[in-house]
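Q: Sending over run_9.cif (mmCIF, C-alpha atoms and all ligand atoms).
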data_protein
loop_
_atom_site.label_atom_id
_atom_site.label_comp_id
_atom_site.auth_asym_id
_atom_site.auth_seq_id
_atom_site.Cartn_x
_atom_site.Cartn_y
_atom_site.Cartn_z
CA MET A 1085 -3.46 8.19 -8.11
CA ARG A 1086 -6.08 5.43 -8.37
CA ARG A 1087 -5.24 2.26 -6.47
CA PHE A 1088 -6.76 -1.18 -7.00
CA PHE A 1089 -7.11 -4.23 -4.79
CA SER A 1090 -9.66 -7.03 -4.40
CA PRO A 1091 -10.30 -8.66 -1.01
CA ALA A 1092 -10.25 -12.05 -2.82
CA GLN A 1093 -6.49 -11.59 -3.18
CA VAL A 1094 -5.90 -12.55 0.47
CA ARG A 1095 -7.44 -16.00 -0.01
CA HIS A 1096 -4.10 -17.58 -0.97
CA ALA A 1097 -2.55 -18.20 2.45
CA PRO A 1098 -0.11 -21.14 2.66
CA ALA A 1099 1.15 -21.85 6.17
CA GLN A 1100 4.75 -22.70 5.38
CA GLU A 1101 7.50 -22.69 2.81
CA LEU A 1102 10.78 -24.51 2.43
CA HIS A 1103 13.44 -21.88 3.17
CA ASN A 1104 17.15 -22.52 3.63
CA GLY A 1105 16.59 -26.18 4.44
CA ALA A 1106 13.78 -25.77 6.95
CA PHE A 1107 10.10 -24.97 6.96
CA THR A 1108 9.38 -21.39 7.94
CA ASP A 1109 6.34 -19.11 7.81
CA TYR A 1110 5.33 -18.33 4.24
CA ALA A 1111 7.02 -14.97 3.53
CA GLU A 1112 4.45 -13.80 0.97
CA LYS A 1113 1.76 -13.39 3.62
CA PRO A 1114 -1.74 -12.01 3.06
CA SER A 1115 -0.97 -9.42 5.76
CA ARG A 1116 1.40 -7.77 3.28
CA ALA A 1117 -1.67 -6.47 1.49
CA GLN A 1118 -3.22 -5.03 4.65
CA ALA A 1119 0.04 -3.28 5.55
CA ILE A 1120 0.10 -1.61 2.14
CA LEU A 1121 -3.61 -0.72 2.22
CA ASP A 1122 -3.19 0.94 5.63
CA ALA A 1123 -0.30 3.06 4.35
CA ILE A 1124 -1.89 4.15 1.06
CA GLY A 1125 -5.36 4.87 2.43
CA GLY A 1126 -7.26 1.95 0.91
CA ALA A 1127 -8.01 0.96 -2.69
CA GLU A 1128 -10.87 0.45 -5.14
CA GLU A 1129 -12.16 -2.98 -6.11
CA PRO A 1130 -11.17 -3.71 -9.69
CA HIS A 1131 -13.71 -4.27 -12.44
CA ASP A 1132 -13.77 -7.96 -13.46
CA HIS A 1133 -12.33 -8.32 -16.98
CA GLY A 1134 -12.89 -12.07 -16.92
CA VAL A 1135 -10.52 -14.94 -17.64
CA GLN A 1136 -9.74 -14.08 -21.28
CA PRO A 1137 -6.86 -11.68 -20.50
CA ILE A 1138 -5.29 -14.40 -18.32
CA GLU A 1139 -5.75 -17.02 -21.05
CA ALA A 1140 -4.02 -14.65 -23.46
CA VAL A 1141 -0.79 -15.18 -21.50
CA HIS A 1142 -1.03 -18.61 -19.83
CA ASP A 1143 -1.61 -22.07 -21.35
CA PRO A 1144 -5.03 -23.65 -20.69
CA ASP A 1145 -3.58 -26.88 -19.22
CA TYR A 1146 -1.52 -24.84 -16.76
CA LEU A 1147 -4.56 -22.82 -15.68
CA ALA A 1148 -6.53 -26.05 -15.18
CA PHE A 1149 -3.62 -27.31 -13.04
CA LEU A 1150 -3.74 -24.16 -10.87
CA ARG A 1151 -7.45 -24.67 -10.27
CA ASP A 1152 -7.19 -28.41 -9.53
CA ALA A 1153 -3.82 -28.99 -7.85
CA ALA A 1154 -4.79 -28.62 -4.18
CA HIS A 1155 -7.93 -30.73 -4.72
CA LEU A 1156 -5.96 -33.52 -6.43
CA TRP A 1157 -3.41 -33.39 -3.64
CA LYS A 1158 -6.16 -33.91 -1.05
CA GLU A 1159 -7.74 -36.68 -3.13
CA ALA A 1160 -4.36 -38.42 -3.08
CA GLY A 1161 -4.73 -38.54 0.71
CA ARG A 1162 -2.24 -35.83 1.62
CA VAL A 1163 -2.75 -33.78 4.79
CA GLY A 1164 -0.13 -31.07 4.24
CA GLU A 1165 -0.04 -28.41 1.53
CA ALA A 1166 0.64 -29.19 -2.13
CA ILE A 1167 4.36 -28.43 -2.45
CA PRO A 1168 6.22 -29.51 -5.60
CA TYR A 1169 9.25 -31.68 -4.93
CA ALA A 1170 10.03 -33.84 -8.01
CA PHE A 1171 10.95 -32.10 -11.26
CA PRO A 1172 11.28 -33.37 -14.84
CA ILE A 1173 14.70 -31.94 -15.65
CA VAL A 1174 15.42 -30.35 -19.00
CA GLY A 1175 15.33 -32.90 -21.81
CA ARG A 1176 12.48 -35.09 -20.52
CA ARG A 1177 10.12 -36.02 -23.32
CA PRO A 1178 6.52 -34.77 -23.09
CA LEU A 1179 4.51 -37.20 -20.98
CA ALA A 1180 0.81 -37.48 -20.25
CA LEU A 1181 1.05 -37.00 -16.49
CA SER A 1182 -1.81 -37.66 -14.11
CA ARG A 1183 -0.41 -38.14 -10.61
CA ILE A 1184 -0.56 -34.83 -8.71
CA ASP A 1185 3.04 -35.20 -7.50
CA ALA A 1186 4.17 -35.37 -11.14
CA LEU A 1187 1.96 -32.46 -12.20
CA LEU A 1188 3.38 -30.24 -9.43
CA GLY A 1189 6.91 -30.74 -10.72
CA ARG A 1190 5.82 -30.27 -14.33
CA TYR A 1191 4.14 -26.91 -13.66
CA ALA A 1192 6.42 -25.45 -10.98
CA PHE A 1193 10.12 -24.64 -11.11
CA ASP A 1194 10.76 -24.56 -7.37
CA ALA A 1195 9.62 -25.95 -4.03
CA THR A 1196 8.87 -22.56 -2.43
CA THR A 1197 5.41 -22.18 -3.92
CA PRO A 1198 2.68 -24.17 -2.14
CA LEU A 1199 -0.67 -24.37 -3.89
CA THR A 1200 -3.95 -24.16 -1.98
CA THR A 1201 -7.60 -24.49 -2.95
CA GLN A 1202 -7.74 -20.65 -2.93
CA THR A 1203 -4.64 -20.00 -5.07
CA TRP A 1204 -6.54 -19.66 -8.32
CA ALA A 1205 -9.15 -17.28 -6.87
CA ALA A 1206 -6.46 -15.05 -5.36
CA GLY A 1207 -4.26 -15.05 -8.47
CA TYR A 1208 -7.26 -14.30 -10.69
CA ALA A 1209 -8.19 -11.33 -8.48
CA SER A 1210 -4.58 -10.09 -8.43
CA ALA A 1211 -4.59 -10.09 -12.24
CA GLN A 1212 -7.86 -8.12 -12.24
CA SER A 1213 -6.18 -5.42 -10.12
CA ALA A 1214 -3.32 -5.20 -12.63
CA LEU A 1215 -5.82 -4.96 -15.49
CA ALA A 1216 -7.79 -2.22 -13.72
CA ALA A 1217 -4.68 -0.08 -13.21
CA THR A 1218 -3.68 -0.60 -16.84
CA HIS A 1219 -7.13 0.37 -18.12
CA ALA A 1220 -7.01 3.49 -15.92
CA VAL A 1221 -3.79 4.68 -17.56
CA MET A 1222 -5.06 3.73 -21.03
CA ALA A 1223 -8.10 5.93 -20.28
CA GLY A 1224 -5.83 8.89 -19.59
CA ASP A 1225 -4.58 8.65 -16.01
CA ARG A 1226 -0.91 9.51 -15.71
CA ALA A 1227 -0.23 6.62 -13.31
CA ALA A 1228 -2.15 3.98 -11.35
CA PHE A 1229 -1.25 1.39 -8.73
CA ALA A 1230 -2.31 -2.25 -8.57
CA LEU A 1231 -1.76 -3.80 -5.15
CA CYS A 1232 -1.01 -7.19 -6.67
CA ARG A 1233 -0.64 -10.00 -4.19
CA PRO A 1234 0.06 -12.81 -4.93
CA PRO A 1235 2.84 -11.34 -7.09
CA GLY A 1236 3.46 -12.51 -10.64
CA HIS A 1237 6.86 -11.96 -12.22
CA HIS A 1238 8.26 -15.47 -11.62
CA ALA A 1239 5.27 -17.16 -13.31
CA GLY A 1240 5.71 -18.21 -16.94
CA ARG A 1241 3.27 -19.22 -19.64
CA ASP A 1242 3.02 -22.75 -18.16
CA TYR A 1243 4.74 -22.62 -14.79
CA CYS A 1244 4.54 -21.19 -11.28
CA GLY A 1245 7.32 -20.50 -8.78
CA GLY A 1246 8.67 -17.84 -6.44
CA TYR A 1247 5.28 -17.19 -4.80
CA CYS A 1248 3.85 -16.39 -8.27
CA HIS A 1249 1.08 -18.16 -10.22
CA ILE A 1250 -0.46 -15.69 -12.67
CA ASN A 1251 1.98 -13.24 -14.24
CA VAL A 1252 0.00 -10.08 -13.52
CA ALA A 1253 2.42 -7.71 -15.29
CA ALA A 1254 2.40 -9.91 -18.39
CA VAL A 1255 -1.40 -10.13 -18.35
CA ALA A 1256 -1.55 -6.32 -18.15
CA ALA A 1257 1.06 -5.81 -20.87
CA GLN A 1258 -0.73 -8.22 -23.22
CA ALA A 1259 -4.07 -6.53 -22.52
CA ALA A 1260 -2.53 -3.17 -23.43
CA ARG A 1261 -1.24 -4.66 -26.68
CA GLU A 1262 -4.67 -6.05 -27.51
CA ALA A 1263 -6.23 -2.66 -26.72
CA GLY A 1264 -4.08 -1.20 -29.50
CA ILE A 1265 -0.96 0.07 -27.73
CA ALA A 1266 1.72 -0.87 -30.26
CA LYS A 1267 4.73 -0.94 -27.93
CA VAL A 1268 4.65 -1.75 -24.25
CA ALA A 1269 7.55 -1.85 -21.78
CA VAL A 1270 7.84 -3.67 -18.46
CA LEU A 1271 10.38 -2.20 -16.03
CA ASP A 1272 11.01 -4.76 -13.29
CA ILE A 1273 12.63 -3.28 -10.18
CA ASP A 1274 11.92 -6.09 -7.75
CA TYR A 1275 15.05 -7.46 -6.05
CA HIS A 1276 14.63 -10.75 -7.92
CA HIS A 1277 14.80 -11.29 -11.65
CA GLY A 1278 11.35 -11.65 -13.24
CA ASN A 1279 12.10 -14.83 -15.14
CA GLY A 1280 8.44 -15.46 -15.97
CA THR A 1281 7.93 -12.08 -17.60
CA GLN A 1282 11.20 -12.49 -19.50
CA ASP A 1283 10.22 -15.94 -20.77
CA ILE A 1284 6.71 -14.85 -21.82
CA PHE A 1285 8.02 -12.00 -23.98
CA TRP A 1286 11.38 -13.59 -24.95
CA GLU A 1287 10.56 -13.78 -28.66
CA ARG A 1288 8.32 -10.71 -28.78
CA GLY A 1289 9.47 -7.51 -30.45
CA ASP A 1290 6.43 -5.56 -29.25
CA VAL A 1291 7.02 -5.85 -25.49
CA PHE A 1292 10.29 -4.67 -23.97
CA TYR A 1293 11.37 -6.30 -20.71
CA ALA A 1294 14.00 -4.53 -18.60
CA SER A 1295 15.03 -5.83 -15.18
CA ILE A 1296 17.28 -4.62 -12.40
CA HIS A 1297 17.91 -7.38 -9.90
CA ALA A 1298 20.40 -9.24 -7.73
CA ASP A 1299 22.96 -11.13 -9.79
CA PRO A 1300 21.68 -14.67 -10.46
CA ALA A 1301 25.21 -15.90 -9.71
CA THR A 1302 24.35 -15.35 -6.04
CA ASP A 1303 20.59 -14.99 -5.88
CA TYR A 1304 17.28 -16.62 -6.68
CA PRO A 1305 16.05 -17.48 -9.34
CA PHE A 1306 19.64 -18.45 -10.34
CA TYR A 1307 18.91 -19.74 -13.87
CA TRP A 1308 17.76 -16.49 -15.46
CA GLY A 1309 18.69 -12.80 -15.39
CA HIS A 1310 22.29 -12.81 -16.66
CA ALA A 1311 23.41 -9.78 -18.65
CA ASP A 1312 23.81 -11.82 -21.85
CA GLU A 1313 20.11 -12.80 -21.95
CA VAL A 1314 18.73 -10.40 -24.56
CA GLY A 1315 15.79 -12.22 -26.18
CA GLU A 1316 15.62 -14.19 -29.41
CA GLY A 1317 14.05 -14.03 -32.85
CA ALA A 1318 11.72 -11.04 -33.17
CA GLY A 1319 12.50 -10.36 -29.50
CA GLU A 1320 16.26 -10.13 -29.88
CA GLY A 1321 17.29 -6.89 -28.18
CA THR A 1322 13.97 -6.32 -26.40
CA THR A 1323 15.11 -7.99 -23.17
CA LEU A 1324 17.56 -6.04 -21.00
CA ASN A 1325 19.07 -7.56 -17.85
CA LEU A 1326 21.02 -5.39 -15.44
CA PRO A 1327 22.20 -7.64 -12.58
CA LEU A 1328 23.73 -5.88 -9.57
CA PRO A 1329 25.78 -7.22 -6.63
CA GLN A 1330 24.46 -7.83 -3.14
CA GLY A 1331 24.86 -4.67 -1.05
CA THR A 1332 23.84 -2.35 -3.91
CA CYS A 1333 22.83 1.14 -2.69
CA LEU A 1334 20.91 3.98 -4.32
CA ASP A 1335 23.58 5.37 -6.67
CA ALA A 1336 24.27 2.12 -8.53
CA PHE A 1337 20.62 1.15 -8.55
CA ARG A 1338 19.60 4.57 -9.87
CA ALA A 1339 22.23 4.48 -12.60
CA ALA A 1340 20.99 1.06 -13.74
CA GLN A 1341 17.40 2.25 -13.70
CA GLY A 1342 18.44 5.27 -15.77
CA ALA A 1343 20.00 2.95 -18.35
CA ALA A 1344 16.83 0.84 -18.43
CA LEU A 1345 14.64 3.92 -18.90
CA GLU A 1346 16.89 5.12 -21.71
CA ALA A 1347 16.54 1.75 -23.46
CA ILE A 1348 12.76 1.85 -22.99
CA ALA A 1349 12.62 5.34 -24.53
CA HIS A 1350 14.80 4.22 -27.43
CA PHE A 1351 12.47 1.24 -27.98
CA GLY A 1352 9.60 3.70 -28.33
CA ALA A 1353 7.29 2.37 -25.59
CA GLU A 1354 3.89 4.03 -25.41
CA LEU A 1355 2.87 2.51 -22.08
CA LEU A 1356 4.97 1.48 -19.10
CA LEU A 1357 4.30 -1.26 -16.58
CA VAL A 1358 6.44 -1.17 -13.46
CA SER A 1359 6.89 -4.45 -11.59
CA PHE A 1360 7.70 -2.87 -8.25
CA GLY A 1361 9.21 -4.85 -5.40
CA ALA A 1362 10.00 -3.27 -2.05
CA ASP A 1363 12.36 -6.16 -1.32
CA THR A 1364 15.22 -3.90 -2.47
CA TRP A 1365 14.86 -2.21 0.94
CA GLU A 1366 17.84 -2.51 3.30
CA GLY A 1367 15.90 -4.43 5.95
CA ASP A 1368 14.23 -7.03 3.73
CA PRO A 1369 14.48 -10.44 5.40
CA ILE A 1370 15.17 -12.46 2.21
CA SER A 1371 17.09 -9.93 0.09
CA SER A 1372 20.44 -8.10 0.14
CA PHE A 1373 20.25 -4.67 -1.50
CA ARG A 1374 20.50 -1.55 0.66
CA LEU A 1375 17.92 0.91 -0.59
CA ARG A 1376 16.42 3.21 2.03
CA THR A 1377 12.84 4.38 2.35
CA ASP A 1378 13.87 7.89 1.23
CA ASP A 1379 15.35 6.48 -1.97
CA TYR A 1380 11.99 5.33 -3.31
CA PRO A 1381 10.46 8.76 -4.11
CA LEU A 1382 13.63 9.61 -6.03
CA LEU A 1383 13.54 6.40 -8.06
CA ALA A 1384 9.85 6.93 -8.75
CA ARG A 1385 10.44 10.50 -9.94
CA ASP A 1386 13.05 9.24 -12.40
CA ILE A 1387 10.47 6.78 -13.77
CA ALA A 1388 7.78 9.47 -13.90
CA SER A 1389 10.18 11.67 -15.89
CA ALA A 1390 9.95 9.17 -18.74
CA GLY A 1391 6.54 10.76 -19.31
CA LEU A 1392 4.75 7.51 -20.15
CA PRO A 1393 1.32 6.37 -18.94
CA THR A 1394 2.47 4.13 -16.09
CA ALA A 1395 0.73 1.25 -14.33
CA ILE A 1396 2.58 0.08 -11.24
CA VAL A 1397 2.03 -3.52 -10.15
CA MET A 1398 3.20 -4.79 -6.78
CA GLU A 1399 5.63 -7.69 -6.72
CA GLY A 1400 7.76 -8.53 -3.62
CA GLY A 1401 8.67 -6.90 -0.30
CA TYR A 1402 8.75 -8.99 2.88
CA ALA A 1403 9.65 -6.65 5.76
CA ILE A 1404 6.00 -6.25 6.64
CA ASP A 1405 6.46 -3.52 9.28
CA ALA A 1406 8.18 -1.26 6.73
CA LEU A 1407 6.36 -2.42 3.61
CA GLY A 1408 3.51 0.10 3.71
CA HIS A 1409 5.87 3.04 4.21
CA ASN A 1410 8.12 1.91 1.40
CA VAL A 1411 5.24 1.49 -1.04
CA ALA A 1412 3.71 4.84 -0.05
CA ALA A 1413 7.14 6.48 -0.44
CA PHE A 1414 7.49 5.04 -3.94
CA LEU A 1415 3.99 6.12 -5.01
CA SER A 1416 4.59 9.63 -3.63
CA GLY A 1417 7.25 10.10 -6.31
CA PHE A 1418 4.54 10.06 -8.97
C1 LIG B 1501 9.46 -13.49 -5.01
B1 LIG B 1501 9.52 -12.05 -5.51
C2 LIG B 1501 15.47 -18.52 -0.41
C3 LIG B 1501 14.33 -19.04 -1.26
C4 LIG B 1501 13.82 -17.99 -2.17
C5 LIG B 1501 11.71 -17.47 -3.23
C6 LIG B 1501 11.82 -15.98 -3.39
C7 LIG B 1501 10.71 -15.48 -4.25
C8 LIG B 1501 10.71 -13.98 -4.36
N1 LIG B 1501 15.85 -19.49 0.57
N2 LIG B 1501 12.43 -17.95 -2.08
O1 LIG B 1501 10.41 -11.83 -6.57
O2 LIG B 1501 9.73 -11.08 -4.49
ZN ZN B 1502 11.40 -10.23 -5.18
#
Mind turning the file's structure into structure tokens?

A:
Amino acid sequence: MRRFFSPAQVRHAPAQELHNGAFTDYAEKPSRAQAILDAIGGAEEPHDHGVQPIEAVHDPDYLAFLRDAAHLWKEAGRVGEAIPYAFPIVGRRPLALSRIDALLGRYAFDATTPLTTQTWAAGYASAQSALAATHAVMAGDRAAFALCRPPGHHAGRDYCGGYCHINVAAVAAQAAREAGIAKVAVLDIDYHHGNGTQDIFWERGDVFYASIHADPATDYPFYWGHADEVGEGAGEGTTLNLPLPQGTCLDAFRAAQGAALEAIAHFGAELLLVSFGADTWEGDPISSFRLRTDDYPLLARDIASAGLPTAIVMEGGYAIDALGHNVAAFLSGF
């Protein structure tokens, strides 16, 4: 299987994040990428498809914000990292905001996502890896892997959050649509709900979004991912949320994934994107499912049985010592 990664993806390296009321090391570390590369035997540099596929998913003012935020923060005299902390709650009228503090809250939905001067470059490169894997499967490969880091599934059309800035799976799905694939499905099996991907395709009947994740009643991102969220308008019925309780083991996870694959087949998808998170592993430091390393090949084989051209994009997974093994185990199932 071809694997894609650009060294520019490690350039986003915040020092800290706000976690459980205290500042801790940023969990989405650049060393995650090296751990995966070591376990999968390296990766190719992706071809550069330019900014257009990113602009096809994200708003131009948001992309300008991603490029400028850390610079504006420094210009405002701040020494620490640009961390959003004041948010315009639902119902605020549109305002022409200029102060960086205000922009951070406007374009982020949480305070766990610091922005650096290198965030844009890393996110751009991560999207290029997702595009390269998608083009490989459109050219006839059965499956391909994009070592995306930073991850993407929490990022919406005009917002960042949850360590995500550019929604790499959405960029890939949209590129597949524009290349003529009529129906695309995203299967999100990260521990967390992919609220950004859901929002981007909420009213779209041509892209199916299915997610298996920890119940938002107990887990981040809290405000999305309930079973009754099914899409709207042309997209009604093309969003499928399968929340599971903390402590979920293989059998329940596999059954949910089977239901998601059945729905994707019924939808008639011609290409599959898998948002894969290894944070479903039993030892993940910020998550509470109980999948084991040996479960991943099995889950991957079930996905492969769907028989669709499949591009796998990396999302979460924070137990760095086990991360490479878990990713390699998953890929071995293909
Ligand atoms: C990103 B991905 C817990 C804060 C939660 C954000 C988690 C983002 C996960 N104290 N931090 O879906 O793996
Ligand atoms: Zn996650």

Q: List every residue of segment 1244-1274 of chain A that has an atom at most 12 Å from any atom of segment 1325-1334 of chain A, giving for each one its closest atom pair and the distance in Å to one decimal, counting only C-alpha atoms, sorted by chain and then by ascending residue number, as a Markdown table.

A:
| residue | atom | partner | partner_atom | distance |
| --- | --- | --- | --- | --- |
| A:Val1270 | CA | A:Asn1325 | CA | 11.9 |
| A:Leu1271 | CA | A:Asn1325 | CA | 10.4 |
| A:Asp1272 | CA | A:Asn1325 | CA | 9.7 |
| A:Ile1273 | CA | A:Leu1326 | CA | 10.1 |
| A:Asp1274 | CA | A:Pro1327 | CA | 11.5 |

Q: Residues within 12 Å of Glu1313 of chain A, please, as JSON, numbers by chain. Count all atoms listed in the file; anything in the same chain fewer than 3 positions from it doesn't count.

A: {"A": [1277, 1279, 1282, 1283, 1286, 1287, 1293, 1294, 1295, 1300, 1307, 1308, 1309, 1310, 1316, 1319, 1320, 1321, 1322, 1323, 1324, 1325, 1326, 1327]}

Q: Would you list the contacts of segment 1200-1214 of chain A as a PyMOL selection string, taking every protein, DNA or RNA residue within 8 Å and counting all atoms listed in the file, but skipping same-chain residues closer than 3 positions in sequence?

A: chain A and resi 1088-1090+1092-1098+1129-1135+1138+1150-1155+1165-1166+1217-1218+1229-1235+1249-1253+1255-1256+1395+1397

Q: Would you save the residues of that selection, restricted to C-alpha atoms, as a short mmCIF file (atom, residue, chain, number, x, y, z; two decimals), in the coordinates of the input?

A:
data_model
loop_
_atom_site.label_atom_id
_atom_site.label_comp_id
_atom_site.auth_asym_id
_atom_site.auth_seq_id
_atom_site.Cartn_x
_atom_site.Cartn_y
_atom_site.Cartn_z
CA PHE A 1088 -6.76 -1.18 -7.00
CA PHE A 1089 -7.11 -4.23 -4.79
CA SER A 1090 -9.66 -7.03 -4.40
CA ALA A 1092 -10.25 -12.05 -2.82
CA GLN A 1093 -6.49 -11.59 -3.18
CA VAL A 1094 -5.90 -12.55 0.47
CA ARG A 1095 -7.44 -16.00 -0.01
CA HIS A 1096 -4.10 -17.58 -0.97
CA ALA A 1097 -2.55 -18.20 2.45
CA PRO A 1098 -0.11 -21.14 2.66
CA GLU A 1129 -12.16 -2.98 -6.11
CA PRO A 1130 -11.17 -3.71 -9.69
CA HIS A 1131 -13.71 -4.27 -12.44
CA ASP A 1132 -13.77 -7.96 -13.46
CA HIS A 1133 -12.33 -8.32 -16.98
CA GLY A 1134 -12.89 -12.07 -16.92
CA VAL A 1135 -10.52 -14.94 -17.64
CA ILE A 1138 -5.29 -14.40 -18.32
CA LEU A 1150 -3.74 -24.16 -10.87
CA ARG A 1151 -7.45 -24.67 -10.27
CA ASP A 1152 -7.19 -28.41 -9.53
CA ALA A 1153 -3.82 -28.99 -7.85
CA ALA A 1154 -4.79 -28.62 -4.18
CA HIS A 1155 -7.93 -30.73 -4.72
CA GLU A 1165 -0.04 -28.41 1.53
CA ALA A 1166 0.64 -29.19 -2.13
CA ALA A 1217 -4.68 -0.08 -13.21
CA THR A 1218 -3.68 -0.60 -16.84
CA PHE A 1229 -1.25 1.39 -8.73
CA ALA A 1230 -2.31 -2.25 -8.57
CA LEU A 1231 -1.76 -3.80 -5.15
CA CYS A 1232 -1.01 -7.19 -6.67
CA ARG A 1233 -0.64 -10.00 -4.19
CA PRO A 1234 0.06 -12.81 -4.93
CA PRO A 1235 2.84 -11.34 -7.09
CA HIS A 1249 1.08 -18.16 -10.22
CA ILE A 1250 -0.46 -15.69 -12.67
CA ASN A 1251 1.98 -13.24 -14.24
CA VAL A 1252 0.00 -10.08 -13.52
CA ALA A 1253 2.42 -7.71 -15.29
CA VAL A 1255 -1.40 -10.13 -18.35
CA ALA A 1256 -1.55 -6.32 -18.15
CA ALA A 1395 0.73 1.25 -14.33
CA VAL A 1397 2.03 -3.52 -10.15
#

Q: Which residues of chain A have any atom within 10 Å of an atom in ligand ZN 1502 (chain B) when counting only C-alpha atoms and all ligand atoms, and what is the closest pair of atoms for each, with the distance in Å to one decimal? Order the rows by chain and rising number and write it as a Markdown table.

A:
| residue | atom | partner | partner_atom | distance |
| --- | --- | --- | --- | --- |
| A:Glu1112 | CA | B:ZN1502 | ZN | 9.9 |
| A:Pro1235 | CA | B:ZN1502 | ZN | 8.8 |
| A:Gly1236 | CA | B:ZN1502 | ZN | 9.9 |
| A:His1237 | CA | B:ZN1502 | ZN | 8.6 |
| A:His1238 | CA | B:ZN1502 | ZN | 8.9 |
| A:Gly1246 | CA | B:ZN1502 | ZN | 8.2 |
| A:Tyr1247 | CA | B:ZN1502 | ZN | 9.3 |
| A:Asp1272 | CA | B:ZN1502 | ZN | 9.8 |
| A:Ile1273 | CA | B:ZN1502 | ZN | 8.6 |
| A:Asp1274 | CA | B:ZN1502 | ZN | 4.9 |
| A:Tyr1275 | CA | B:ZN1502 | ZN | 4.7 |
| A:His1276 | CA | B:ZN1502 | ZN | 4.3 |
| A:His1277 | CA | B:ZN1502 | ZN | 7.4 |
| A:Gly1278 | CA | B:ZN1502 | ZN | 8.2 |
| A:His1297 | CA | B:ZN1502 | ZN | 8.5 |
| A:Ala1298 | CA | B:ZN1502 | ZN | 9.4 |
| A:Tyr1304 | CA | B:ZN1502 | ZN | 8.8 |
| A:Pro1305 | CA | B:ZN1502 | ZN | 9.6 |
| A:Ser1359 | CA | B:ZN1502 | ZN | 9.7 |
| A:Phe1360 | CA | B:ZN1502 | ZN | 8.8 |
| A:Gly1361 | CA | B:ZN1502 | ZN | 5.8 |
| A:Ala1362 | CA | B:ZN1502 | ZN | 7.8 |
| A:Asp1363 | CA | B:ZN1502 | ZN | 5.7 |
| A:Thr1364 | CA | B:ZN1502 | ZN | 7.9 |
| A:Asp1368 | CA | B:ZN1502 | ZN | 9.9 |
| A:Ile1370 | CA | B:ZN1502 | ZN | 8.6 |
| A:Ser1371 | CA | B:ZN1502 | ZN | 7.8 |
| A:Met1398 | CA | B:ZN1502 | ZN | 10.0 |
| A:Glu1399 | CA | B:ZN1502 | ZN | 6.5 |
| A:Gly1400 | CA | B:ZN1502 | ZN | 4.3 |
| A:Gly1401 | CA | B:ZN1502 | ZN | 6.5 |
| A:Tyr1402 | CA | B:ZN1502 | ZN | 8.6 |

Q: So which one's closest to Asp1185 of chain A, A:Ala1259, A:Ile1167, A:Ile1296, A:Cys1244? Using all atoms listed in the file, please.

A: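 The closest residue to Asp1185 of chain A is A:Ile1167.
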